[in-house]
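A.B. asks: One file is attached below, run27.txt, containing compact mmCIF, C-alpha atoms.
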```
# COMPACT_ATOMS: atom_id res chain seq x y z
CA MET H 1 0.00 0.00 0.00
CA VAL H 2 1.68 3.21 -1.20
CA GLN H 3 1.00 6.18 1.08
CA ASN H 4 1.70 9.83 0.58
CA PRO H 5 2.17 12.14 3.61
CA ALA H 6 0.55 15.16 1.91
CA ARG H 7 -2.49 13.07 1.02
CA ARG H 8 -2.68 11.72 4.59
CA THR H 9 -2.73 15.34 5.86
CA ALA H 10 -5.41 16.27 3.30
CA LEU H 11 -7.52 13.33 4.49
CA THR H 12 -7.23 14.23 8.21
CA ASP H 13 -7.96 17.90 7.36
CA ALA H 14 -11.08 16.68 5.54
CA ALA H 15 -12.01 14.49 8.54
CA ILE H 16 -11.84 17.60 10.79
CA ASP H 17 -14.20 19.47 8.45
CA VAL H 18 -16.62 16.52 8.36
CA LEU H 19 -16.61 16.29 12.18
CA ALA H 20 -17.23 20.04 12.58
CA ASP H 21 -19.98 20.10 9.93
CA GLN H 22 -21.80 16.85 10.55
CA GLY H 23 -20.76 15.52 13.94
CA ALA H 24 -19.08 12.24 14.80
CA ARG H 25 -21.86 10.12 13.33
CA GLY H 26 -21.25 11.74 9.96
CA LEU H 27 -17.58 10.71 9.94
CA THR H 28 -17.28 7.81 7.49
CA PHE H 29 -14.50 6.89 5.06
CA ARG H 30 -16.84 7.85 2.23
CA ALA H 31 -17.59 11.31 3.71
CA VAL H 32 -13.84 11.91 4.11
CA ASP H 33 -13.17 10.87 0.49
CA VAL H 34 -15.91 13.21 -0.77
CA ARG H 35 -14.72 16.12 1.38
CA ALA H 36 -11.09 15.67 0.33
CA GLY H 37 -12.10 15.33 -3.33
CA VAL H 38 -10.27 12.01 -3.77
CA PRO H 39 -11.49 8.75 -5.34
CA THR H 40 -13.83 6.55 -3.30
CA GLY H 41 -11.76 4.05 -1.36
CA THR H 42 -8.79 6.35 -0.73
CA ALA H 43 -9.41 6.86 3.02
CA SER H 44 -9.71 3.12 3.52
CA ASN H 45 -6.14 2.81 2.19
CA TYR H 46 -4.83 5.26 4.79
CA PHE H 47 -6.71 4.22 7.92
CA ALA H 48 -6.97 0.66 9.23
CA SER H 49 -10.42 1.27 10.77
CA ARG H 50 -12.79 4.02 11.82
CA ASP H 51 -11.09 3.98 15.26
CA ASP H 52 -7.76 4.57 13.52
CA LEU H 53 -9.29 7.48 11.58
CA LEU H 54 -10.65 9.02 14.82
CA ASP H 55 -7.27 8.50 16.50
CA GLN H 56 -5.23 10.11 13.71
CA THR H 57 -7.72 12.96 13.37
CA ALA H 58 -7.41 13.74 17.09
CA ARG H 59 -3.59 13.82 16.79
CA HIS H 60 -3.86 16.11 13.77
CA ILE H 61 -6.14 18.55 15.65
CA HIS H 62 -3.57 18.82 18.45
CA HIS H 63 -0.90 19.47 15.84
CA ARG H 64 -2.99 22.18 14.11
CA LEU H 65 -3.72 23.96 17.40
CA THR H 66 -0.07 24.05 18.53
CA PRO H 67 1.32 27.60 18.99
CA ASP H 68 3.54 29.05 16.27
CA PRO H 69 7.12 28.98 17.72
CA VAL H 70 7.94 32.34 16.09
CA VAL H 71 4.90 34.08 17.63
CA LEU H 72 5.63 32.41 20.96
CA GLY H 73 9.30 33.40 20.84
CA GLY H 74 8.32 37.01 20.16
CA LEU H 75 5.89 37.09 23.09
CA LEU H 76 8.44 35.56 25.44
CA ARG H 77 10.84 38.51 25.12
CA ALA H 78 8.53 40.37 27.55
CA PRO H 79 8.81 40.39 31.37
CA ARG H 80 7.27 37.43 33.20
CA ASP H 81 4.16 39.14 34.51
CA ARG H 82 0.40 38.94 34.27
CA ALA H 83 0.44 41.01 31.07
CA LEU H 84 2.50 38.29 29.38
CA VAL H 85 0.09 35.56 30.52
CA THR H 86 -2.76 37.69 29.13
CA ALA H 87 -0.93 38.06 25.80
CA LEU H 88 -0.44 34.26 25.64
CA LEU H 89 -4.17 33.75 26.26
CA HIS H 90 -5.04 36.22 23.48
CA ASP H 91 -2.73 34.26 21.16
CA LEU H 92 -4.60 31.05 22.06
CA VAL H 93 -7.96 32.69 21.27
CA ARG H 94 -6.60 33.98 17.94
CA ARG H 95 -5.38 30.50 16.98
CA ILE H 96 -8.70 28.92 17.83
CA ASP H 97 -10.69 31.65 16.10
CA ALA H 98 -8.57 31.00 13.01
CA ASP H 99 -9.31 27.26 13.26
CA ARG H 100 -12.90 27.03 14.49
CA SER H 101 -13.34 23.68 12.72
CA GLY H 102 -10.38 22.20 14.60
CA TYR H 103 -11.76 23.13 18.01
CA LEU H 104 -15.36 22.15 17.13
CA ALA H 105 -14.08 18.81 15.81
CA MET H 106 -12.28 18.29 19.12
CA LEU H 107 -15.57 18.90 20.99
CA GLU H 108 -17.27 16.35 18.72
CA LEU H 109 -14.48 13.88 19.50
CA ARG H 110 -14.90 14.52 23.25
CA LEU H 111 -18.59 13.60 22.97
CA GLU H 112 -17.77 10.57 20.81
CA ALA H 113 -15.25 9.55 23.50
CA THR H 114 -18.14 9.10 25.97
CA ARG H 115 -19.21 6.18 23.73
CA ARG H 116 -15.78 4.74 22.76
CA PRO H 117 -13.38 3.71 25.53
CA GLU H 118 -10.34 3.48 23.20
CA LEU H 119 -10.90 7.01 21.92
CA ARG H 120 -11.45 8.22 25.49
CA ALA H 121 -8.11 6.71 26.59
CA GLN H 122 -6.29 8.30 23.68
CA LEU H 123 -7.85 11.77 24.08
CA THR H 124 -7.32 11.64 27.85
CA ALA H 125 -3.61 10.96 27.36
CA ALA H 126 -3.29 13.75 24.76
CA VAL H 127 -5.21 16.38 26.75
CA ARG H 128 -3.48 15.49 30.01
CA GLU H 129 -0.07 15.68 28.35
CA GLN H 130 -0.98 19.11 26.95
CA LEU H 131 -2.18 20.34 30.36
CA GLU H 132 0.96 19.05 32.10
CA ALA H 133 3.09 20.71 29.40
CA ASN H 134 1.24 23.99 30.04
CA VAL H 135 1.90 23.70 33.77
CA ALA H 136 5.59 22.86 33.23
CA TYR H 137 5.94 25.73 30.74
CA HIS H 138 4.23 28.26 33.03
CA LEU H 139 6.39 27.31 36.03
CA GLY H 140 9.57 26.81 33.97
CA GLU H 141 9.29 30.24 32.34
CA GLY H 142 8.73 31.84 35.73
CA LEU H 143 5.23 33.13 34.89
CA PRO H 144 3.24 34.36 37.92
CA GLY H 145 1.17 31.82 39.87
CA ASP H 146 1.39 28.14 40.71
CA ARG H 147 0.06 24.87 39.33
CA GLU H 148 -3.48 25.65 40.50
CA THR H 149 -3.36 28.99 38.67
CA VAL H 150 -2.71 27.14 35.40
CA VAL H 151 -5.47 24.56 36.05
CA VAL H 152 -8.04 27.25 36.92
CA LEU H 153 -7.04 29.29 33.83
CA TYR H 154 -7.28 26.16 31.67
CA LEU H 155 -10.81 25.40 32.93
CA ALA H 156 -12.01 28.99 32.53
CA MET H 157 -10.53 29.25 29.02
CA THR H 158 -12.18 25.92 28.10
CA GLY H 159 -15.54 27.30 29.26
CA LEU H 160 -14.95 30.56 27.38
CA LEU H 161 -14.01 28.77 24.15
CA VAL H 162 -16.98 26.36 24.33
CA GLU H 163 -19.31 29.32 24.86
CA HIS H 164 -17.66 31.46 22.18
CA LEU H 165 -17.64 28.74 19.51
CA THR H 166 -21.12 27.32 20.14
CA LEU H 167 -23.27 30.23 21.43
CA PRO H 168 -21.15 33.35 20.87
CA ASP H 169 -23.94 35.82 21.62
CA VAL H 170 -24.43 34.61 25.20
CA LEU H 171 -21.37 36.60 26.21
CA GLY H 172 -21.49 39.08 23.30
CA ALA H 173 -19.04 38.44 20.47
CA ASP H 174 -17.18 41.74 20.76
CA THR H 175 -16.43 41.35 24.43
CA LEU H 176 -14.27 38.26 23.94
CA PRO H 177 -10.92 40.10 24.32
CA ALA H 178 -12.32 41.91 27.37
CA LEU H 179 -13.34 38.56 28.89
CA VAL H 180 -9.85 37.15 28.33
CA ASP H 181 -8.48 40.19 30.17
CA THR H 182 -10.99 39.62 32.98
CA LEU H 183 -10.06 35.95 33.37
CA ALA H 184 -6.37 36.82 33.58
CA ALA H 185 -6.98 39.69 36.02
CA ARG H 186 -9.14 37.54 38.31
CA ILE H 187 -7.08 34.33 38.20
CA VAL H 188 -3.41 35.26 37.72
CA PRO H 189 -1.72 36.78 40.79
CA MET Q 1 -54.75 15.78 18.10
CA VAL Q 2 -55.06 14.56 21.70
CA GLN Q 3 -51.92 15.21 23.75
CA ASN Q 4 -50.98 13.96 27.16
CA PRO Q 5 -48.48 15.96 29.29
CA ALA Q 6 -46.93 12.83 30.88
CA ARG Q 7 -46.36 11.33 27.45
CA ARG Q 8 -44.84 14.59 26.20
CA THR Q 9 -42.39 14.49 29.13
CA ALA Q 10 -41.58 10.83 28.41
CA LEU Q 11 -40.86 11.75 24.77
CA THR Q 12 -38.56 14.67 25.65
CA ASP Q 13 -36.80 12.48 28.27
CA ALA Q 14 -36.29 9.89 25.51
CA ALA Q 15 -34.99 12.62 23.17
CA ILE Q 16 -32.37 13.59 25.80
CA ASP Q 17 -31.20 9.96 26.03
CA VAL Q 18 -31.00 9.66 22.24
CA LEU Q 19 -28.95 12.89 22.02
CA ALA Q 20 -26.55 11.76 24.76
CA ASP Q 21 -26.15 8.26 23.30
CA GLN Q 22 -26.11 8.93 19.57
CA GLY Q 23 -25.50 12.63 19.04
CA ALA Q 24 -27.69 15.16 17.26
CA ARG Q 25 -27.64 13.28 13.95
CA GLY Q 26 -29.20 10.28 15.68
CA LEU Q 27 -32.18 12.33 16.89
CA THR Q 28 -35.13 11.35 14.68
CA PHE Q 29 -38.83 10.95 15.50
CA ARG Q 30 -38.40 7.21 15.01
CA ALA Q 31 -35.42 6.99 17.43
CA VAL Q 32 -37.46 8.90 20.04
CA ASP Q 33 -40.45 6.56 19.60
CA VAL Q 34 -38.20 3.50 19.98
CA ARG Q 35 -36.43 4.90 23.03
CA ALA Q 36 -39.70 5.90 24.72
CA GLY Q 37 -41.24 2.50 23.90
CA VAL Q 38 -44.28 4.04 22.20
CA PRO Q 39 -45.88 3.19 18.84
CA THR Q 40 -44.18 4.47 15.71
CA GLY Q 41 -45.65 7.85 14.78
CA THR Q 42 -46.23 9.03 18.35
CA ALA Q 43 -43.43 11.67 18.39
CA SER Q 44 -44.71 13.12 15.12
CA ASN Q 45 -48.02 13.80 16.89
CA TYR Q 46 -46.30 15.81 19.62
CA PHE Q 47 -43.73 17.82 17.68
CA ALA Q 48 -44.49 19.90 14.60
CA SER Q 49 -41.01 19.36 13.12
CA ARG Q 50 -37.50 18.24 14.06
CA ASP Q 51 -36.74 21.89 14.97
CA ASP Q 52 -39.71 21.84 17.35
CA LEU Q 53 -38.40 18.60 18.89
CA LEU Q 54 -34.92 20.17 19.37
CA ASP Q 55 -36.50 23.31 20.84
CA GLN Q 56 -38.73 21.45 23.33
CA THR Q 57 -35.88 19.11 24.29
CA ALA Q 58 -33.62 22.08 25.08
CA ARG Q 59 -36.35 23.58 27.31
CA HIS Q 60 -36.80 20.25 29.05
CA ILE Q 61 -33.04 19.97 29.77
CA HIS Q 62 -33.09 23.39 31.43
CA HIS Q 63 -36.07 22.28 33.49
CA ARG Q 64 -34.36 19.03 34.55
CA LEU Q 65 -31.16 20.84 35.60
CA THR Q 66 -32.98 23.45 37.73
CA PRO Q 67 -31.99 23.38 41.44
CA ASP Q 68 -34.35 21.71 43.92
CA PRO Q 69 -35.98 24.61 45.87
CA VAL Q 70 -35.89 22.59 49.12
CA VAL Q 71 -32.13 21.90 48.83
CA LEU Q 72 -31.55 25.52 47.84
CA GLY Q 73 -33.64 26.84 50.73
CA GLY Q 74 -31.64 24.69 53.16
CA LEU Q 75 -28.31 25.94 51.81
CA LEU Q 76 -29.43 29.56 51.97
CA ARG Q 77 -29.85 29.49 55.75
CA ALA Q 78 -26.04 29.83 55.97
CA PRO Q 79 -24.06 33.13 56.12
CA ARG Q 80 -23.37 34.85 52.80
CA ASP Q 81 -19.71 33.93 52.45
CA ARG Q 82 -17.39 32.02 50.15
CA ALA Q 83 -18.27 28.75 51.90
CA LEU Q 84 -21.89 29.19 50.84
CA VAL Q 85 -20.91 29.86 47.21
CA THR Q 86 -18.75 26.70 47.37
CA ALA Q 87 -21.70 24.68 48.72
CA LEU Q 88 -23.91 25.97 45.88
CA LEU Q 89 -21.26 24.90 43.34
CA HIS Q 90 -21.07 21.42 44.91
CA ASP Q 91 -24.86 21.19 44.62
CA LEU Q 92 -24.61 22.07 40.90
CA VAL Q 93 -21.99 19.34 40.37
CA ARG Q 94 -24.19 16.82 42.23
CA ARG Q 95 -27.20 17.68 40.06
CA ILE Q 96 -25.21 17.32 36.86
CA ASP Q 97 -23.55 14.09 38.01
CA ALA Q 98 -27.05 12.75 38.69
CA ASP Q 99 -28.16 13.78 35.19
CA ARG Q 100 -25.13 13.18 32.96
CA SER Q 101 -27.41 12.57 29.97
CA GLY Q 102 -29.06 15.95 30.41
CA TYR Q 103 -25.76 17.85 30.37
CA LEU Q 104 -24.27 15.75 27.54
CA ALA Q 105 -27.45 16.29 25.51
CA MET Q 106 -27.03 20.05 26.07
CA LEU Q 107 -23.46 19.85 24.70
CA GLU Q 108 -24.80 17.97 21.66
CA LEU Q 109 -27.40 20.71 21.17
CA ARG Q 110 -24.70 23.40 21.45
CA LEU Q 111 -22.79 21.72 18.61
CA GLU Q 112 -25.98 21.27 16.59
CA ALA Q 113 -26.64 25.00 17.14
CA THR Q 114 -23.49 25.81 15.11
CA ARG Q 115 -25.41 24.37 12.12
CA ARG Q 116 -28.96 25.64 12.87
CA PRO Q 117 -29.52 29.37 13.36
CA GLU Q 118 -33.00 28.94 14.92
CA LEU Q 119 -31.67 26.53 17.53
CA ARG Q 120 -28.73 28.84 18.19
CA ALA Q 121 -31.09 31.78 18.81
CA GLN Q 122 -33.23 29.74 21.18
CA LEU Q 123 -30.30 28.26 23.16
CA THR Q 124 -28.59 31.66 23.31
CA ALA Q 125 -31.71 33.21 24.85
CA ALA Q 126 -32.09 30.34 27.35
CA VAL Q 127 -28.41 30.24 28.43
CA ARG Q 128 -28.17 34.04 28.65
CA GLU Q 129 -31.34 34.21 30.74
CA GLN Q 130 -29.89 31.55 33.07
CA LEU Q 131 -26.57 33.42 33.38
CA GLU Q 132 -28.34 36.73 34.07
CA ALA Q 133 -30.53 34.97 36.66
CA ASN Q 134 -27.37 33.61 38.32
CA VAL Q 135 -25.85 37.10 38.42
CA ALA Q 136 -29.06 38.64 39.82
CA TYR Q 137 -29.35 35.85 42.40
CA HIS Q 138 -25.71 36.15 43.51
CA LEU Q 139 -25.93 39.93 43.92
CA GLY Q 140 -29.49 39.88 45.31
CA GLU Q 141 -28.60 37.34 48.01
CA GLY Q 142 -25.54 39.37 48.98
CA LEU Q 143 -23.05 36.63 48.08
CA PRO Q 144 -19.41 37.82 47.94
CA GLY Q 145 -18.09 39.25 44.65
CA ASP Q 146 -19.50 41.19 41.73
CA ARG Q 147 -20.93 40.46 38.31
CA GLU Q 148 -17.48 39.51 36.93
CA THR Q 149 -17.04 37.01 39.77
CA VAL Q 150 -20.20 35.21 38.64
CA VAL Q 151 -19.18 35.25 34.96
CA VAL Q 152 -15.67 33.91 35.71
CA LEU Q 153 -17.14 31.20 37.99
CA TYR Q 154 -19.66 30.28 35.27
CA LEU Q 155 -16.91 29.91 32.65
CA ALA Q 156 -14.62 27.89 34.94
CA MET Q 157 -17.50 25.60 36.01
CA THR Q 158 -18.46 25.12 32.34
CA GLY Q 159 -14.88 24.06 31.58
CA LEU Q 160 -14.80 21.76 34.62
CA LEU Q 161 -18.10 20.09 33.69
CA VAL Q 162 -17.13 19.60 30.03
CA GLU Q 163 -13.85 18.02 31.15
CA HIS Q 164 -15.48 15.91 33.87
CA LEU Q 165 -18.27 14.57 31.65
CA THR Q 166 -16.22 13.90 28.51
CA LEU Q 167 -12.65 13.05 29.68
CA PRO Q 168 -12.95 12.60 33.47
CA ASP Q 169 -9.47 11.14 33.92
CA VAL Q 170 -7.68 14.22 32.62
CA LEU Q 171 -8.25 15.88 35.98
CA GLY Q 172 -8.62 12.65 37.99
CA ALA Q 173 -12.19 11.67 38.84
CA ASP Q 174 -11.73 11.73 42.61
CA THR Q 175 -10.37 15.26 42.72
CA LEU Q 176 -13.59 16.84 41.38
CA PRO Q 177 -14.78 18.16 44.79
CA ALA Q 178 -11.26 19.44 45.46
CA LEU Q 179 -11.28 21.25 42.12
CA VAL Q 180 -14.62 22.89 42.93
CA ASP Q 181 -13.08 24.10 46.21
CA THR Q 182 -10.07 25.41 44.30
CA LEU Q 183 -12.20 27.32 41.78
CA ALA Q 184 -14.18 28.95 44.58
CA ALA Q 185 -11.02 29.77 46.58
CA ARG Q 186 -9.30 31.35 43.57
CA ILE Q 187 -12.26 33.21 42.08
CA VAL Q 188 -14.58 34.25 44.93
CA PRO Q 189 -13.26 37.07 47.12
```
Could you rewrite the structure in this file as structure tokens?

C.D. replies:
Amino acid sequence: MVQNPARRTALTDAAIDVLADQGARGLTFRAVDVRAGVPTGTASNYFASRDDLLDQTARHIHHRLTPDPVVLGGLLRAPRDRALVTALLHDLVRRIDADRSGYLAMLELRLEATRRPELRAQLTAAVREQLEANVAYHLGEGLPGDRETVVVLYLAMTGLLVEHLTLPDVLGADTLPALVDTLAARIVP
Amino acid sequence: MVQNPARRTALTDAAIDVLADQGARGLTFRAVDVRAGVPTGTASNYFASRDDLLDQTARHIHHRLTPDPVVLGGLLRAPRDRALVTALLHDLVRRIDADRSGYLAMLELRLEATRRPELRAQLTAAVREQLEANVAYHLGEGLPGDRETVVVLYLAMTGLLVEHLTLPDVLGADTLPALVDTLAARIVP
């Protein structure tokens, strides 16, 4: 079976769009083929099973939502204070706003994980690793606050992003940056 | 068309279970009939359309997740301090743990709302009304903090509940009460 890395990426990008548009139940090999504009049967050459497709799609979402090292490097020239934490949170919101489908697909996968123990185990490991990396980064860079600060920020940002992406008018779309400032001001010492 | 309130409730309860188990795409009149154990065609006598079914199901979830006035009355005999806010948050977590399907169905509806403007408008109005009622209640009862305190608590609790219900082992299932204490300690003055 010949496989092509660019085509694999195109297929997992298509899977993210299918998840965001149609939900987990809509995610079939055929829907991925149609969305990627490739011949019927292509996805089944790249993924051993639907579980494998879900697994690789989840990994690809984490990859797509990773911070840009250049942007991050620029931000990190500033002093280690609350303003820097706030700037990092604004960067996170910008990345997710630029990739709504990626974050919505991740929410679909979280709900699908309530029905599929293998997917739950894989997402749990990935999300926990990310959270622990955030804690290690925050403490390692000398940003203000402790482990609990990072966990509370993570939970509040999760709530904000779920609200913003699913029912943006509950909080008022144009107050999103102000809400990020509020979260930082209330949670970061 | 003869309608029976108990049967309507049984149908919307069944719709919540279908949403939680199969996602929004699984929610059809036929799936609701099967789940409720009623003759095929019953749901179509109670709901004018699938949008009407989604709308009434959303209202029913809000009703199911409403606090018990007796429990609330008992809690509110305590002094208006951070410990009381913490106790109210623990009561919220208990209610949602006792009705996982209700909260998971609400998350499914939030994702479905990204595809259906009418549902989005209805859920936005319901969730905003609930948030404003929480703010009015908090301030009216003289609980510590201001409007922003309530909004930050709401966002952090939303994040905690999404994490707990979809990937409980990220945070460790047995630390949930400790995390509620942490959120209150860090956010409520």

A.B. asks: Could you list, with a cut-off of 6 Å and counting all atoms listed in the file, the residues of chain Q near chain H, each shown with its nearest atom pair and the distance in Å rounded to one decimal, rows sorted by chain and ascending number, as a Markdown table?

C.D. replies:
```
| residue | atom | partner | partner_atom | distance |
| --- | --- | --- | --- | --- |
| Q:Arg110 | CA | H:Thr166 | CA | 5.5 |
| Q:Thr114 | CA | H:Thr166 | CA | 5.8 |
| Q:Thr124 | CA | H:Val170 | CA | 5.4 |
| Q:Arg128 | CA | H:Val170 | CA | 5.1 |
| Q:Leu155 | CA | H:Gly159 | CA | 4.5 |
| Q:Ala156 | CA | H:Ala156 | CA | 3.7 |
| Q:Thr158 | CA | H:Gly159 | CA | 4.8 |
| Q:Gly159 | CA | H:Gly159 | CA | 4.0 |
| Q:Leu160 | CA | H:Leu155 | CA | 5.7 |
| Q:Thr166 | CA | H:Arg110 | CA | 5.5 |
| Q:Leu167 | CA | H:Thr124 | CA | 5.8 |
| Q:Val170 | CA | H:Arg128 | CA | 5.1 |
```

A.B. asks: As a ChimeraX atom specification, please: the residues near Asp99 in chain Q (cut-off 12 Å, only C-alpha atoms, same-chain neighbours under 2 positions excluded).

C.D. replies: /Q:13,16-17,20,61-66,92-97,101-106,161,165

A.B. asks: Taking all atoms listed in the file into account, name the residue in H:Val150, H:Leu53, H:Ala43, H:Ala14 that is nearest to His138 in chain H.

C.D. replies: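 Selected residue with least distance to His138 in chain H: H:Val150.
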
A.B. asks: Rounded to one decimal, what separation in Å do you get between CA of Asp68 in chain H and CA of Gln130 in chain H?

C.D. replies: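 Those two atoms sit 15.3 Å apart.
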
A.B. asks: So the first atom is CA of Arg7 in chain H and the second is CA of Val38 in chain H; what is the distance between them in Å, to one decimal place?

C.D. replies: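 Taking CA of Arg7 in chain H as the start and CA of Val38 in chain H as the end point, the length is 9.2 Å.
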
A.B. asks: List the residues sitting within 12 Å of (1.4, 36.8, 26.8) in the file's frame, using all atoms listed in the file, as a PyMOL selection string.

C.D. replies: chain H and resi 71-93+138+141+143-144+180-181+184

A.B. asks: Extract, using all atoms listed in the file, all DNA, RNA and protein residues at most 10 Å from Gln56 in chain H, discarding same-chain residues fewer than 2 positions from it, and format them as a list of chain:residue names.

C.D. replies: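 Neighbouring residues, sequence-local ones excluded: H:Arg8, H:Thr9, H:Thr12, H:Ala15, H:Phe47, H:Arg50, H:Asp51, H:Asp52, H:Leu53, H:Leu54, H:Ala58, H:Arg59, H:His60, H:Ile61.
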
A.B. asks: So what do you get for CA of Pro117 in chain H versus CA of Val18 in chain H, distance-wise?

C.D. replies: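 If I compute the distance from CA of Pro117 in chain H to CA of Val18 in chain H, I get 21.7 Å.
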
A.B. asks: Would you compute the box with edges along x, y and z of the file around range 48-66 of chain Q, including every atom the file lists for it and 8 Å extra on each side, and give its centre and edge lengths in Å to one decimal, as lines of an AutoDock Vina configuration file?

C.D. replies:
```
center_x = -37.8
center_y = 20.9
center_z = 25.4
size_x = 29.3
size_y = 21.3
size_z = 40.6
```
